[in-house]
>>> print(open('structure.txt').read())   # compact mmCIF, N, CA and C atoms
# COMPACT_ATOMS: atom_id res chain seq x y z
N TRP K 17 4.38 6.77 -23.64
CA TRP K 17 3.64 5.60 -23.25
C TRP K 17 2.39 5.96 -22.47
N THR K 18 2.27 7.20 -22.03
CA THR K 18 1.07 7.60 -21.30
C THR K 18 -0.09 7.92 -22.22
N ASP K 19 0.10 7.79 -23.53
CA ASP K 19 -1.00 8.00 -24.45
C ASP K 19 -1.98 6.84 -24.44
N ASP K 20 -1.53 5.69 -23.97
CA ASP K 20 -2.39 4.52 -23.89
C ASP K 20 -3.04 4.47 -22.50
N PRO K 21 -4.36 4.58 -22.42
CA PRO K 21 -5.02 4.64 -21.11
C PRO K 21 -4.86 3.36 -20.29
N GLN K 22 -4.77 2.21 -20.95
CA GLN K 22 -4.62 0.97 -20.21
C GLN K 22 -3.26 0.88 -19.54
N ILE K 23 -2.23 1.33 -20.22
CA ILE K 23 -0.89 1.34 -19.62
C ILE K 23 -0.84 2.35 -18.49
N CYS K 24 -1.50 3.48 -18.66
CA CYS K 24 -1.54 4.50 -17.62
C CYS K 24 -2.23 3.96 -16.36
N VAL K 25 -3.35 3.28 -16.52
CA VAL K 25 -4.05 2.71 -15.37
C VAL K 25 -3.19 1.62 -14.74
N LEU K 26 -2.55 0.78 -15.55
CA LEU K 26 -1.67 -0.26 -15.03
C LEU K 26 -0.51 0.35 -14.24
N ALA K 27 0.06 1.44 -14.74
CA ALA K 27 1.16 2.10 -14.04
C ALA K 27 0.69 2.68 -12.71
N SER K 28 -0.46 3.32 -12.68
CA SER K 28 -0.92 3.91 -11.43
C SER K 28 -1.33 2.84 -10.41
N VAL K 29 -1.90 1.74 -10.86
CA VAL K 29 -2.23 0.64 -9.95
C VAL K 29 -0.95 0.01 -9.41
N SER K 30 0.05 -0.17 -10.27
CA SER K 30 1.33 -0.75 -9.83
C SER K 30 2.03 0.15 -8.82
N ILE K 31 2.04 1.44 -9.09
CA ILE K 31 2.67 2.38 -8.15
C ILE K 31 1.97 2.33 -6.80
N GLN K 32 0.65 2.33 -6.82
CA GLN K 32 -0.09 2.28 -5.55
C GLN K 32 0.18 0.97 -4.83
N PHE K 33 0.22 -0.14 -5.55
CA PHE K 33 0.45 -1.44 -4.93
C PHE K 33 1.81 -1.50 -4.25
N PHE K 34 2.87 -1.12 -4.95
CA PHE K 34 4.20 -1.21 -4.37
C PHE K 34 4.41 -0.19 -3.26
N PHE K 35 3.81 0.98 -3.37
CA PHE K 35 3.89 1.98 -2.32
C PHE K 35 3.19 1.48 -1.06
N THR K 36 2.01 0.89 -1.21
CA THR K 36 1.28 0.33 -0.07
C THR K 36 2.02 -0.85 0.53
N ALA K 37 2.60 -1.69 -0.32
CA ALA K 37 3.36 -2.85 0.17
C ALA K 37 4.53 -2.42 1.03
N ALA K 38 5.19 -1.32 0.68
CA ALA K 38 6.31 -0.83 1.49
C ALA K 38 5.84 -0.51 2.91
N PHE K 39 4.69 0.12 3.05
CA PHE K 39 4.18 0.45 4.37
C PHE K 39 3.76 -0.79 5.15
N VAL K 40 3.19 -1.78 4.45
CA VAL K 40 2.82 -3.03 5.12
C VAL K 40 4.07 -3.73 5.63
N PHE K 41 5.12 -3.74 4.82
CA PHE K 41 6.36 -4.39 5.25
C PHE K 41 7.03 -3.63 6.40
N TYR K 42 6.88 -2.31 6.46
CA TYR K 42 7.36 -1.55 7.62
C TYR K 42 6.63 -2.03 8.88
N LEU K 43 5.32 -2.21 8.77
CA LEU K 43 4.55 -2.69 9.91
C LEU K 43 5.00 -4.09 10.33
N LEU K 44 5.19 -4.97 9.37
CA LEU K 44 5.63 -6.32 9.69
C LEU K 44 7.01 -6.32 10.34
N GLU K 45 7.88 -5.42 9.90
CA GLU K 45 9.21 -5.33 10.50
C GLU K 45 9.11 -4.85 11.95
N SER K 46 8.20 -3.92 12.22
CA SER K 46 8.04 -3.46 13.61
C SER K 46 7.46 -4.57 14.48
N ILE K 47 6.55 -5.36 13.95
CA ILE K 47 6.02 -6.50 14.70
C ILE K 47 7.13 -7.50 14.98
N HIS K 48 7.97 -7.74 14.00
CA HIS K 48 9.10 -8.65 14.19
C HIS K 48 10.05 -8.12 15.27
N MET K 49 10.34 -6.83 15.21
CA MET K 49 11.22 -6.22 16.20
C MET K 49 10.61 -6.34 17.60
N TYR K 50 9.33 -6.06 17.72
CA TYR K 50 8.66 -6.17 19.02
C TYR K 50 8.70 -7.60 19.54
N SER K 51 8.45 -8.56 18.65
CA SER K 51 8.45 -9.96 19.09
C SER K 51 9.83 -10.43 19.53
N MET K 52 10.88 -9.88 18.94
CA MET K 52 12.24 -10.27 19.32
C MET K 52 12.66 -9.61 20.63
N VAL K 53 12.17 -8.42 20.89
CA VAL K 53 12.61 -7.66 22.07
C VAL K 53 11.71 -7.92 23.28
N ALA K 54 10.41 -7.92 23.09
CA ALA K 54 9.48 -7.86 24.22
C ALA K 54 8.93 -9.22 24.65
N SER K 55 8.95 -10.18 23.81
CA SER K 55 8.32 -11.44 24.20
C SER K 55 9.24 -12.61 23.89
N VAL K 56 8.95 -13.71 24.51
CA VAL K 56 9.74 -14.92 24.30
C VAL K 56 9.12 -15.66 23.12
N VAL K 57 9.83 -15.66 22.02
CA VAL K 57 9.36 -16.34 20.81
C VAL K 57 10.49 -17.20 20.27
N ARG K 58 10.18 -17.94 19.26
CA ARG K 58 11.22 -18.78 18.67
C ARG K 58 12.32 -17.92 18.06
N LYS K 59 13.38 -18.52 17.69
CA LYS K 59 14.60 -17.83 17.27
C LYS K 59 14.38 -16.84 16.12
N ASP K 60 13.52 -17.16 15.18
CA ASP K 60 13.33 -16.33 13.99
C ASP K 60 12.27 -15.26 14.15
N GLY K 61 11.66 -15.14 15.30
CA GLY K 61 10.62 -14.13 15.49
C GLY K 61 9.24 -14.74 15.44
N LEU K 62 8.25 -13.87 15.46
CA LEU K 62 6.86 -14.29 15.53
C LEU K 62 6.41 -14.99 14.25
N LEU K 63 6.80 -14.46 13.09
CA LEU K 63 6.42 -15.03 11.80
C LEU K 63 7.68 -15.43 11.04
N ASN K 64 7.59 -16.50 10.29
CA ASN K 64 8.75 -16.88 9.48
C ASN K 64 8.77 -16.07 8.18
N ARG K 65 9.79 -16.25 7.38
CA ARG K 65 9.97 -15.46 6.16
C ARG K 65 8.82 -15.63 5.18
N LYS K 66 8.35 -16.86 5.02
CA LYS K 66 7.26 -17.12 4.08
C LYS K 66 5.96 -16.44 4.53
N GLU K 67 5.68 -16.51 5.83
CA GLU K 67 4.47 -15.87 6.35
C GLU K 67 4.55 -14.34 6.22
N ASN K 68 5.72 -13.77 6.52
CA ASN K 68 5.90 -12.32 6.36
C ASN K 68 5.68 -11.89 4.91
N THR K 69 6.25 -12.64 3.99
CA THR K 69 6.12 -12.31 2.57
C THR K 69 4.67 -12.41 2.12
N LEU K 70 4.02 -13.49 2.50
CA LEU K 70 2.63 -13.70 2.10
C LEU K 70 1.72 -12.62 2.69
N ILE K 71 1.87 -12.33 3.97
CA ILE K 71 1.04 -11.32 4.61
C ILE K 71 1.29 -9.95 4.01
N GLY K 72 2.56 -9.62 3.78
CA GLY K 72 2.90 -8.30 3.23
C GLY K 72 2.29 -8.05 1.87
N TRP K 73 2.47 -8.98 0.94
CA TRP K 73 1.94 -8.78 -0.41
C TRP K 73 0.43 -8.87 -0.44
N MET K 74 -0.16 -9.78 0.37
CA MET K 74 -1.61 -9.95 0.34
C MET K 74 -2.34 -8.75 0.95
N CYS K 75 -1.82 -8.20 2.03
CA CYS K 75 -2.46 -7.02 2.63
C CYS K 75 -2.44 -5.84 1.65
N ALA K 76 -1.31 -5.64 0.99
CA ALA K 76 -1.22 -4.57 0.00
C ALA K 76 -2.19 -4.83 -1.15
N ALA K 77 -2.27 -6.07 -1.59
CA ALA K 77 -3.19 -6.40 -2.69
C ALA K 77 -4.64 -6.17 -2.29
N ILE K 78 -5.00 -6.52 -1.07
CA ILE K 78 -6.37 -6.32 -0.61
C ILE K 78 -6.72 -4.83 -0.59
N ILE K 79 -5.81 -4.00 -0.10
CA ILE K 79 -6.06 -2.56 -0.06
C ILE K 79 -6.25 -2.00 -1.46
N VAL K 80 -5.38 -2.40 -2.38
CA VAL K 80 -5.46 -1.88 -3.75
C VAL K 80 -6.71 -2.40 -4.46
N VAL K 81 -7.05 -3.66 -4.27
CA VAL K 81 -8.24 -4.22 -4.92
C VAL K 81 -9.50 -3.54 -4.38
N MET K 82 -9.54 -3.24 -3.09
CA MET K 82 -10.70 -2.53 -2.54
C MET K 82 -10.80 -1.13 -3.16
N ASN K 83 -9.68 -0.46 -3.32
CA ASN K 83 -9.70 0.85 -3.98
C ASN K 83 -10.17 0.72 -5.43
N MET K 84 -9.68 -0.29 -6.12
CA MET K 84 -10.08 -0.48 -7.52
C MET K 84 -11.56 -0.81 -7.64
N ALA K 85 -12.09 -1.56 -6.68
CA ALA K 85 -13.49 -1.95 -6.73
C ALA K 85 -14.42 -0.73 -6.65
N PHE K 86 -14.01 0.28 -5.90
CA PHE K 86 -14.89 1.43 -5.69
C PHE K 86 -14.51 2.66 -6.51
N HIS K 87 -13.24 2.76 -6.93
CA HIS K 87 -12.78 3.98 -7.59
C HIS K 87 -11.94 3.69 -8.83
N PHE K 88 -12.26 2.68 -9.59
CA PHE K 88 -11.41 2.32 -10.73
C PHE K 88 -11.31 3.45 -11.75
N LYS K 89 -12.39 4.17 -11.99
CA LYS K 89 -12.37 5.23 -13.00
C LYS K 89 -11.48 6.41 -12.60
N ASP K 90 -11.09 6.48 -11.32
CA ASP K 90 -10.28 7.59 -10.85
C ASP K 90 -8.78 7.35 -10.97
N TYR K 91 -8.38 6.20 -11.47
CA TYR K 91 -6.96 5.95 -11.69
C TYR K 91 -6.52 6.66 -12.96
N GLY K 92 -5.34 7.21 -12.95
CA GLY K 92 -4.80 7.92 -14.11
C GLY K 92 -4.21 9.24 -13.69
N SER K 93 -5.04 10.23 -13.45
CA SER K 93 -4.60 11.54 -12.95
C SER K 93 -5.83 12.39 -12.68
N SER K 94 -5.60 13.65 -12.29
CA SER K 94 -6.74 14.53 -12.07
C SER K 94 -7.47 14.81 -13.38
N GLN K 95 -6.79 14.62 -14.48
CA GLN K 95 -7.40 14.70 -15.80
C GLN K 95 -7.54 13.26 -16.33
N SER K 96 -8.20 12.42 -15.57
CA SER K 96 -8.24 10.99 -15.84
C SER K 96 -8.69 10.67 -17.26
N TYR K 97 -7.92 9.84 -17.94
CA TYR K 97 -8.21 9.48 -19.32
C TYR K 97 -9.55 8.75 -19.43
N ILE K 98 -9.83 7.89 -18.45
CA ILE K 98 -11.06 7.11 -18.51
C ILE K 98 -12.27 8.03 -18.41
N ALA K 99 -12.18 9.06 -17.58
CA ALA K 99 -13.32 9.95 -17.37
C ALA K 99 -13.42 11.04 -18.43
N THR K 100 -12.28 11.61 -18.86
CA THR K 100 -12.32 12.79 -19.72
C THR K 100 -11.73 12.57 -21.12
N GLY K 101 -10.97 11.51 -21.32
CA GLY K 101 -10.36 11.26 -22.62
C GLY K 101 -8.99 11.88 -22.77
N SER K 102 -8.50 12.57 -21.75
CA SER K 102 -7.14 13.11 -21.78
C SER K 102 -6.55 13.02 -20.38
N HIS K 103 -5.23 13.06 -20.30
CA HIS K 103 -4.58 12.99 -18.99
C HIS K 103 -3.20 13.64 -19.05
N TYR K 104 -2.72 13.97 -17.86
CA TYR K 104 -1.42 14.62 -17.76
C TYR K 104 -0.33 13.63 -17.34
N HIS K 105 -0.60 12.83 -16.33
CA HIS K 105 0.36 11.83 -15.87
C HIS K 105 -0.40 10.63 -15.32
N CYS K 106 0.30 9.55 -15.13
CA CYS K 106 -0.32 8.31 -14.66
C CYS K 106 -0.18 8.20 -13.15
N TRP K 107 -1.17 8.64 -12.44
CA TRP K 107 -1.19 8.51 -10.99
C TRP K 107 -2.64 8.51 -10.55
N LEU K 108 -2.87 8.57 -9.26
CA LEU K 108 -4.22 8.49 -8.72
C LEU K 108 -4.91 9.85 -8.78
N ASP K 109 -6.20 9.83 -8.96
CA ASP K 109 -6.97 11.06 -8.98
C ASP K 109 -7.39 11.38 -7.55
N TYR K 110 -6.76 12.40 -6.97
CA TYR K 110 -7.02 12.74 -5.58
C TYR K 110 -8.15 13.75 -5.42
N ASP K 111 -8.87 14.05 -6.46
CA ASP K 111 -10.04 14.92 -6.34
C ASP K 111 -11.28 14.11 -5.97
N THR K 112 -11.11 12.83 -5.72
CA THR K 112 -12.23 11.93 -5.44
C THR K 112 -11.96 11.17 -4.15
N GLY K 113 -12.77 10.16 -3.88
CA GLY K 113 -12.62 9.33 -2.69
C GLY K 113 -11.39 8.45 -2.71
N LEU K 114 -10.70 8.39 -3.83
CA LEU K 114 -9.49 7.58 -3.90
C LEU K 114 -8.41 8.10 -2.96
N LEU K 115 -8.46 9.38 -2.65
CA LEU K 115 -7.55 9.95 -1.66
C LEU K 115 -7.70 9.23 -0.33
N TYR K 116 -8.93 9.06 0.12
CA TYR K 116 -9.18 8.39 1.39
C TYR K 116 -8.87 6.91 1.31
N GLY K 117 -9.12 6.32 0.17
CA GLY K 117 -8.83 4.90 -0.02
C GLY K 117 -7.35 4.58 0.02
N GLN K 118 -6.51 5.56 -0.29
CA GLN K 118 -5.07 5.35 -0.23
C GLN K 118 -4.48 5.88 1.06
N MET K 119 -4.84 7.08 1.45
CA MET K 119 -4.18 7.71 2.58
C MET K 119 -4.62 7.17 3.94
N LEU K 120 -5.87 6.80 4.10
CA LEU K 120 -6.31 6.27 5.39
C LEU K 120 -5.63 4.95 5.75
N PRO K 121 -5.52 3.97 4.84
CA PRO K 121 -4.76 2.77 5.20
C PRO K 121 -3.29 3.07 5.49
N LEU K 122 -2.69 3.99 4.73
CA LEU K 122 -1.28 4.32 4.98
C LEU K 122 -1.12 5.03 6.32
N LEU K 123 -2.05 5.89 6.66
CA LEU K 123 -2.01 6.55 7.97
C LEU K 123 -2.15 5.53 9.09
N PHE K 124 -3.08 4.61 8.94
CA PHE K 124 -3.26 3.55 9.93
C PHE K 124 -1.99 2.70 10.07
N LEU K 125 -1.41 2.29 8.94
CA LEU K 125 -0.18 1.49 8.98
C LEU K 125 0.95 2.25 9.64
N THR K 126 1.09 3.52 9.33
CA THR K 126 2.17 4.32 9.89
C THR K 126 2.00 4.50 11.40
N LEU K 127 0.80 4.85 11.84
CA LEU K 127 0.57 5.04 13.26
C LEU K 127 0.75 3.74 14.05
N THR K 128 0.26 2.64 13.49
CA THR K 128 0.42 1.34 14.14
C THR K 128 1.89 0.96 14.23
N THR K 129 2.64 1.21 13.18
CA THR K 129 4.07 0.93 13.18
C THR K 129 4.78 1.74 14.25
N LEU K 130 4.47 3.02 14.34
CA LEU K 130 5.10 3.88 15.34
C LEU K 130 4.76 3.43 16.77
N VAL K 131 3.53 3.04 17.01
CA VAL K 131 3.13 2.57 18.33
C VAL K 131 3.89 1.28 18.69
N ILE K 132 4.01 0.37 17.74
CA ILE K 132 4.70 -0.89 18.02
C ILE K 132 6.20 -0.65 18.22
N ILE K 133 6.79 0.25 17.45
CA ILE K 133 8.21 0.57 17.64
C ILE K 133 8.42 1.19 19.02
N GLU K 134 7.54 2.09 19.41
CA GLU K 134 7.65 2.71 20.73
C GLU K 134 7.48 1.67 21.83
N ALA K 135 6.54 0.74 21.65
CA ALA K 135 6.32 -0.30 22.64
C ALA K 135 7.53 -1.22 22.76
N SER K 136 8.17 -1.51 21.63
CA SER K 136 9.35 -2.39 21.71
C SER K 136 10.52 -1.65 22.33
N GLY K 137 10.59 -0.34 22.19
CA GLY K 137 11.64 0.42 22.85
C GLY K 137 11.46 0.50 24.34
N ALA K 138 10.19 0.48 24.78
CA ALA K 138 9.90 0.55 26.21
C ALA K 138 10.01 -0.81 26.88
N ALA K 139 10.02 -1.86 26.08
CA ALA K 139 10.05 -3.23 26.67
C ALA K 139 11.42 -3.60 27.19
>>> encode(input="structure.txt", output="structure tokens")
Amino acid sequence: WTDDPQICVLASVSIQFFFTAAFVFYLLESIHMYSMVASVVRKDGLLNRKENTLIGWMCAAIIVVMNMAFHFKDYGSSQSYIATGSHYHCWLDYDTGLLYGQMLPLLFLTLTTLVIIEASGAA
């Protein structure tokens, strides 16, 4: 199925989206934990289930769409089908700026999550 470049790009965009969404939901869970431990909030926490779901999926979508807007041709692999006509696997091309477009938001989300978890433990 990786012979079709459109499916390959769709697979790499989907993988990036769900991978990014997992990190966003980790951050939202740490915010929820902090709100339950450190501050006086309503019974269900700072955000309700619908707000958490909407924020989680939308933040991930915004990150992926921004990456696609600037680096769409780099989706696929280091031998990107769109750029060269052949490819090895369906993933992101990390020989370009797409590395920063994916790793910097994930680094920010991870560090922010760790800080909030530490703050809730100290509260």
>>> closest_residue(input="structure.txt", among="K:Leu63, K:Ala135, K:Leu125, K:Leu26", to="K:Tyr50", atoms="only N, CA and C atoms")
K:Ala135
>>> residues_near_point(input="structure.txt", point="(-5.7, 1.8, -13.1)", cutoff="8 Å", atoms="all atoms listed in the file", output="ChimeraX atom specification")
/K:21-30,84,87-92,107
>>> atom_distance(input="structure.txt", atom1="atom C of K:Ala37", atom2="atom N of K:Ala76")
6.7 Å
>>> atom_distance(input="structure.txt", atom1="atom N of K:Thr129", atom2="atom CA of K:Leu43")
5.4 Å
>>> atom_distance(input="structure.txt", atom1="atom N of K:Met52", atom2="atom N of K:Ala38")
21.0 Å
>>> axis_aligned_box(input="structure.txt", around="stretch 77-88 of chain K", padding_each_side="5 Å", output="lines of an AutoDock Vina configuration file")
center_x = -8.6
center_y = -1.3
center_z = -5.9
size_x = 22.6
size_y = 20.5
size_z = 21.7
>>> residues_around(input="structure.txt", residues="K:Ile47", least_positions_apart="6", cutoff="7 Å", atoms="only N, CA and C atoms", output="PyMOL selection string")
chain K and resi 62+129+132-133
>>> closest_atom_pairs(input="structure.txt", of="stretch 17-87 of chain K", to="stretch 117-123 of chain K", cutoff="7 Å", atoms="all atoms listed in the file", output="CSV")
residue,atom,partner,partner_atom,distance
K:Thr36,CA,K:Leu122,CA,6.9
K:Phe39,CA,K:Leu122,CA,6.7
K:Ile79,C,K:Gly117,C,6.8
K:Asn83,CA,K:Gly117,CA,5.7
>>> closest_residue(input="structure.txt", among="K:Thr126, K:Ser136, K:Thr112, K:Gln32", to="K:His48", atoms="only C-alpha atoms")
K:Ser136
>>> residues_around(input="structure.txt", residues="K:Gly137", least_positions_apart="6", cutoff="12 Å", atoms="only C-alpha atoms", output="JSON list (two decimals) with N, CA and C atoms, keeping the file's coordinate frame")
[["chain", "number", "residue", "atom", "x", "y", "z"],
["K", 46, "SER", "N", 8.20, -3.92, 12.22],
["K", 46, "SER", "CA", 8.04, -3.46, 13.61],
["K", 46, "SER", "C", 7.46, -4.57, 14.48],
["K", 49, "MET", "N", 10.34, -6.83, 15.21],
["K", 49, "MET", "CA", 11.22, -6.22, 16.20],
["K", 49, "MET", "C", 10.61, -6.34, 17.60],
["K", 50, "TYR", "N", 9.33, -6.06, 17.72],
["K", 50, "TYR", "CA", 8.66, -6.17, 19.02],
["K", 50, "TYR", "C", 8.70, -7.60, 19.54],
["K", 51, "SER", "N", 8.45, -8.56, 18.65],
["K", 51, "SER", "CA", 8.45, -9.96, 19.09],
["K", 51, "SER", "C", 9.83, -10.43, 19.53],
["K", 52, "MET", "N", 10.88, -9.88, 18.94],
["K", 52, "MET", "CA", 12.24, -10.27, 19.32],
["K", 52, "MET", "C", 12.66, -9.61, 20.63],
["K", 53, "VAL", "N", 12.17, -8.42, 20.89],
["K", 53, "VAL", "CA", 12.61, -7.66, 22.07],
["K", 53, "VAL", "C", 11.71, -7.92, 23.28],
["K", 54, "ALA", "N", 10.41, -7.92, 23.09],
["K", 54, "ALA", "CA", 9.48, -7.86, 24.22],
["K", 54, "ALA", "C", 8.93, -9.22, 24.65],
["K", 130, "LEU", "N", 4.47, 3.02, 14.34],
["K", 130, "LEU", "CA", 5.10, 3.88, 15.34],
["K", 130, "LEU", "C", 4.76, 3.43, 16.77],
["K", 131, "VAL", "N", 3.53, 3.04, 17.01],
["K", 131, "VAL", "CA", 3.13, 2.57, 18.33],
["K", 131, "VAL", "C", 3.89, 1.28, 18.69]]
